[in-house]
Every structure is written in C-alpha cells, then in structure tokens.
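A quick write-up on the structure given underneath.
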Amino acid sequence: MTLTTPGRGWSRRLVPLLFISLIAMALPAQAGWFGIGQDARDTNPGKTRPVIFVGNNWEGTIDVIDAQSYNKVGRINGIPDKRQRMTEIVLNPVRLVFFQAVRLFIGEGNDQYVDDMYSTPDGRLLVVSRPSFADVVGIDIVSGEIAWRFEVDGYRSDHMALSPDGTQVAVSASTGNVVHVLDVETGEEVGRFPTGNSPHENVYSEDGKRIYHASIGYVFTPLDQDLMEFTKGERLFQVVDAESLEIIKRFDLKDKLEAAGYSDLSPAIRPMAHTPDERFFYFQLSFLHGFIEYDMEEDRITRLAELPNLIPDTPREFYINDSAHHGIAMNGDGDTLCVAGTMSDYIAIVDRETFSHEILTGLGEKPYWVTTNETGDRCYISWSGTDQMSVIDIETASEIVRVDVGDHPQRIREGGVPRDW
C-alpha cells in the first residue's frame with residue numbers, strides 16, 4: 001500500500017461514496033543504470049554481488065545500494081514499457097477508471113509503479129510488482145529489458161514474498177482477492193489461493209512449507225468509525241500449505257481480539273513479524289500505535305504493546321491508509337523488534353520480552369517499511385516522506401547511515417546483481 005502525508009488525504013475524503021462502492025464491488029523508454037561504488041561483500045564468488053534494492057513507488061525506479069558500504073551502485077527502471085502499458089490503459093475504459101482510482105484512493109494523486117521486488121538467486125532477474133499496471137514483471141538486470149510479464153487478477157498488484165529456495169514468488173492481487181504463486185524464471189503461474197478483501201502481506205516460513213497471509217479490507221474508504229466498521233470488508237489471516245496451496249488455518253482476527261478483551265481494536269493486520277521458531281507473531285493493526293503478540297500454538301492473542309502516539313489530536317480519518325504504524329521486523333536473535341511509527345515519524349526499538357522501547361525521532365518523515373539484513377543485526381527503514389533509506393544498528397538503537405533515494409521509497413529487499421554489473 002502507498003503511504004502519503006495527511007494533507008493529501010482531503011481529496012479522497014471528498015470523493016462520492018458511490019464511486020467508492022463501485023471500486024469495492026469491482027475489486028477482483030529503456031531501463032537504465034549507472035555505476036557508482038565498487039566495494040561489496042562477495043557472497044557468491046564470480047557470480048553475484050550482494051546489494052539492497054529500494055523500490056521508489058511513485059517514480060517507478062529501483063535504487064541499488066551496496067550491502068556493505070551502503071554506496072549507491074546503480075538504478076533500475078521498473079517501467080521501461082510505460083508507453084505501451086499506458087496506451088493499453090487509455091484504450092480500455094474500464095481499466096482507465098481503475099487506473100485513476102488507484103491513483104486517487106491509494107496513491108493520493110500519484111501513480112504506483114514499484115511496490116515490491118526480489119532478485120532471482122543468480123542475480124539475473126529483478127521481479128517487480130507494479131500496482132498501477134496490475135502486473136508483475138521479471139526485468140533482466142543487465143539489459144534492463146522485461147523478460148516476462150504476468151497480469152494479476154483484478155486491477156492492482158501489491159505485496160510479494162519470495163520462497164526460501166528463490167524459485168517462486170507469491171503476489172497479492174489486491175482487487176482480485178487472490179494470491180498468485182509464480183515461477184520466478186518464467187513468470188508462469190504455478191498456483192493460487194483465495195483470500196479476504198484486499199490481500200496484503202505474504203510471508204514464507206523459514207522451511208518454505210507455509211505461507212502466512214493477511215488481507216486488510218478497504219483501507220481507502222473514509223468510513224472508519226465504529227458504526228461503519230463493517231463496511232471495511234472481510235479481513236482474514238491465513239496459513240497456507242506452500243506446496244498444495246490449500247488453506248491450513250484461517251481466522252478473522254476480530255474474534256481473537258474479542259476473546260482477549262481488545263474488541264476496540266481493528267482486526268485489519270498490517271505488516272507482521274515473528275520469532276525465529278515461528279510460534280509468536282507480532283501484528284500491526286489499522287489505527288494502532290503499537291502491535292499485538294499472537295501465539296500460533298495456542299491460537300490466541302497474548303499481549304498488547306502500546307507505543308507512543310505523537311499525534312493525539314489527529315483524527316483517524318487522516319491516518320495514511322488507516323496505518324498508524326506500517327513496518328515491523330524481528331532481529332536475528334528473536335529478542336528485539338524494529339518498528340515504524342508511520343504517522344508519528346519515529347522508529348521504535350522494542351524489547352520483545354518486556355516491550356520496553358527506545359524511540360528514534362528526527363531521522364526522516366513517514367517511515368513506510370522495515371526489514372532486517374541477512375544477519376539480523378541491522379534494520380532498514382524507508383522514509384517515504386523525505387525520500388531516504390536509513391540503516392539502524394539494532395543493538396545500539398542508532399542510525400548508521402542515511403541514503404537519498406527516489407520518489408516515495410517503499411519496500412526494501414536484500415538480493416544480488418551480476419558481479420560485473
């Protein structure tokens with residue numbers, strides 16, 4: 001999902017509810033690069049170099065940053081086929097309506113070109129989900145050309161997850177209410193599974209046998225008060241068998257919240273993190289300044305972590321796509337969480353056992369996403385409001401470096417590019 005500043009939210013609140021209902025019902029140039037840095041930790045000698053990809057959603061580019069020095073080493077054009085795609089959209093009245101709706105409701109006046117991305121294990125392709133074009137593409141990193149393209153169901157693609165062996169990618173079709181599983185080398189669909197309304201995040205288990213999935217409902221509507229909460233759609237959490245794609249577990253978090261005495265909280269699960277043994281999950285929820293802890297073995301909510309709300313006078317209707325917080329990751333030892341306080345412009349380093357926390361402010365605006373590096377001792381933060389990425393040392397709760405990137409950075413992923421790229 002795209003995050004923007006509260007001031008940009010006025011336009012969506014004034015759009016007639018009839019048009020919102022229409023969307024809810026219907027919801028099913030060459031690439032370039034430049035060389036900059038040289039140093040990199042060689043994890044695959046002679047083949048790839050480790051890098052960090054930062055997707056700039058509104059700009060349609062992906063910045064490539066050295067995983068060790070944090071110098072920029074290149075930039076990839078995520079929309080080399082923009083002219084062709086736009087021609088198709090303009091000539092199709094239905095697609096044009098939804099293209100504009102994505103811009104208005106989710107992008108807040110901006111088109112969404114790069115939501116998520118992963119490189120293939122050999123560093124040959126960069127797989128990119130492109131919301132406004134409702135597709136996923138495999139871009140040849142060397143040539144910049146599109147090797148394959150898959151059109152998702154409906155009119156918008158969103159979060160992805162790469163399988164641990166790097167052979168498949170699961171992508172949410174946010175208006176199609178389905179998750180597609182694709183072969184990363186060919187872009188062919190190998191399977192799919194149904195979801196609730198507006199499928200969002202996908203996470204593979206460490207052994208690759210399960211996919212954890214959450215659907216978030218209609219976060220773009222202004223109907224956020226209690227009496228209208230039912231209009232937000234079906235919001236579900238699912239555990240899916242990654243081989244058969246059969247649903248192993250499926251529940252509405254609303255029931256779990258009521259059982260735990262938190263019926264006042266929204267059941268829409270935003271980003272999630274889990275302990276290394278995958279027993280305890282940490283779910284961010286719409287409108288919540290904090291997160292909940294969920295025990296997968298006992299199937300119940302065990303704790304609520306409340307973090308600072310630095311904007312107490314801001315109405316929830318002005319929360320960016322309902323997100324008080326949007327971004328959470330667990331360190332490698334499983335004892336500390338790195339959390340994005342999106343509306344309050346901070347990063348929280350949270351002790352998992354006690355939920356005591358340290359708040360980092362003044363680094364940037366609108367933190368959109370959090371992920372950790374491979375060793376789990378640092379977290380990466382995208383600042384969507386100030387177009388930067390921060391690297392945070394988790395143990396010391398301090399910023400190591402901040403890097404300028406493109407317009408509206410969102411997802412950050414580690415990966416690889418060809419060694420001599």
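Labels used: A, B, ... for chains in the order of the structure tokens, numbers from 1 for residues in each chain, and numbers from 1 for ligands as shown.
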* **Secondary structure check, strand (DSSP E or B) residues of segment 76-201 of chain A, as a PyMOL selection string** => chain A and resi 76-77+116-119+125-130+135-140+146-151+157-162+168-173+178-183+189-194+199-201
* Option closest in space to Met86 of chain A, from A:Val181, A:Ala67, A:Ala134, A:Leu125 [counting only C-alpha atoms] ->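 Going through A:Val181, A:Ala67, A:Ala134, A:Leu125 one by one, the smallest distance to Met86 of chain A is for A:Ala134.
Among A:Pro80, A:Pro131, A:Pro164, A:Gly176, the residue with the shortest atom-to-atom distance to Ile146 of chain A, counting only C-alpha atoms, is A:Pro80.
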* Structure fact -> Using only C-alpha atoms, the best pick from A:Phe355, A:Trp58, A:Tyr346, A:Phe287 as closest to Leu304 of chain A would be A:Phe355
